[in-house]
Amino acid sequence: MSGEKRLKKRRTGVVPAIGVAVLLLAALDFVLFANRAAKADHSPEVTGDAIVALTGGSGLRIAAGVELVTRGRGARLLISGVNPDVPVEDLITLAGGAADVWACCVDIGYVAESTRGNAEETAVWAYERDYKKLIIVTSDYHMPRSLIVLQKSMPDIELVAWPVRTVNDPASIWSDPDSFRGVFLEWAKWRVTTFE
């Protein structure tokens, strides 16, 4: 066998090995991402100037935001990314909370249609009110990307994570196909965001 043929054979063997190594690293990265999300927690005593709940998944994010503003953890709550066709009464039914809290302390953002939209909507709201510290409420597996995207829109505002366990459970990715799919898709979006 000539040297050229041997080199060509060696190269064709290297390419699949590199591909396998990349897939293994990606799988490990996904598992680590899911494990971090499953263990995500928050300080029970945290306070901020205001609170932002990002919609999606279920009403659990909104309910957590309403609970935080009710307990005085922030002066106001922005619910970012509400569908314009959803009336406030439906949000109250979905998330609970006292009517007087909704009337005095809850702002509803109807503009955002994505996490980037949440960031833009939140930045306008926060800068108009001169907020310096926001508690961000979203799903545990959505939090890493949300913080990156939000921080890019508000680099001088402190963001504090308040992760919530919602419909896609990162602790159940091996037993629940829906959780696996949801967390995997979010991991892929997060990974792309980290390279931007």
# chains A, B, ... in the order shown; residues from 1 in each chain; ligands from 1

call {"tool": "residues_around", "arguments": {"residues": "A:Met143", "least_positions_apart": "4", "cutoff": "12 Å", "atoms": "only C-alpha atoms", "output": "ChimeraX atom specification"}}
result
/A:33-34,36-38,40-42,53-54,61,115,135-139,147-151,159-166,183,186-187,189-190

call {"tool": "select_by_dssp", "arguments": {"residues": "stretch 62-178 of chain A", "states": "alpha helix (DSSP H)", "output": "PyMOL selection string"}}
result
chain A and resi 62-70+88-95+99-105+115-128+143-153+177-178

call {"tool": "closest_residue", "arguments": {"among": "A:Gly96, A:Pro155, A:Pro87, A:Gly48", "to": "A:Ala119", "atoms": "only C-alpha atoms"}}
result
A:Pro155

call {"tool": "closest_atom_pairs", "arguments": {"of": "stretch 40-102 of chain A", "to": "stretch 121-124 of chain A", "cutoff": "8 Å", "atoms": "only C-alpha atoms", "output": "Markdown table"}}
result
| residue | atom | partner | partner_atom | distance |
| --- | --- | --- | --- | --- |
| A:Val52 | CA | A:Thr122 | CA | 7.4 |
| A:Leu78 | CA | A:Thr122 | CA | 7.6 |
| A:Ser80 | CA | A:Glu121 | CA | 6.9 |

call {"tool": "closest_residue", "arguments": {"among": "A:Ala99, A:Ala63, A:Ala112, A:Ala75", "to": "A:Ala50", "atoms": "only C-alpha atoms"}}
result
A:Ala75

call {"tool": "closest_residue", "arguments": {"among": "A:Leu60, A:Trp125, A:Ile51, A:Pro177", "to": "A:Ile92", "atoms": "only C-alpha atoms"}}
result
A:Leu60

call {"tool": "atom_distance", "arguments": {"atom1": "atom CA of A:Thr55", "atom2": "atom CA of A:Val106"}}
result
13.8 Å

call {"tool": "residues_around", "arguments": {"residues": "A:Gly182", "least_positions_apart": "3", "cutoff": "12 Å", "atoms": "only C-alpha atoms", "output": "list in words"}}
result
Phe30, Ala34, Gly56, Gly57, Ser139, Asp140, Tyr141, His142, Thr166, Val167, Asn168, Asp169, Pro170, Ser172, Ile173, Asp176, Pro177, Asp178, Ser179, Leu185, Glu186, Trp187, Ala188 and Lys189 of chain A

call {"tool": "atom_distance", "arguments": {"atom1": "atom CA of A:Ala98", "atom2": "atom CA of A:Tyr127"}}
result
27.1 Å

call {"tool": "residues_around", "arguments": {"residues": "A:Asn83", "least_positions_apart": "5", "cutoff": "9 Å", "atoms": "only C-alpha atoms", "output": "PyMOL selection string"}}
result
chain A and resi 109-113

call {"tool": "closest_residue", "arguments": {"among": "A:Ala171, A:Ile108, A:Val20, A:Val69", "to": "A:Val86", "atoms": "only C-alpha atoms"}}
result
A:Ile108
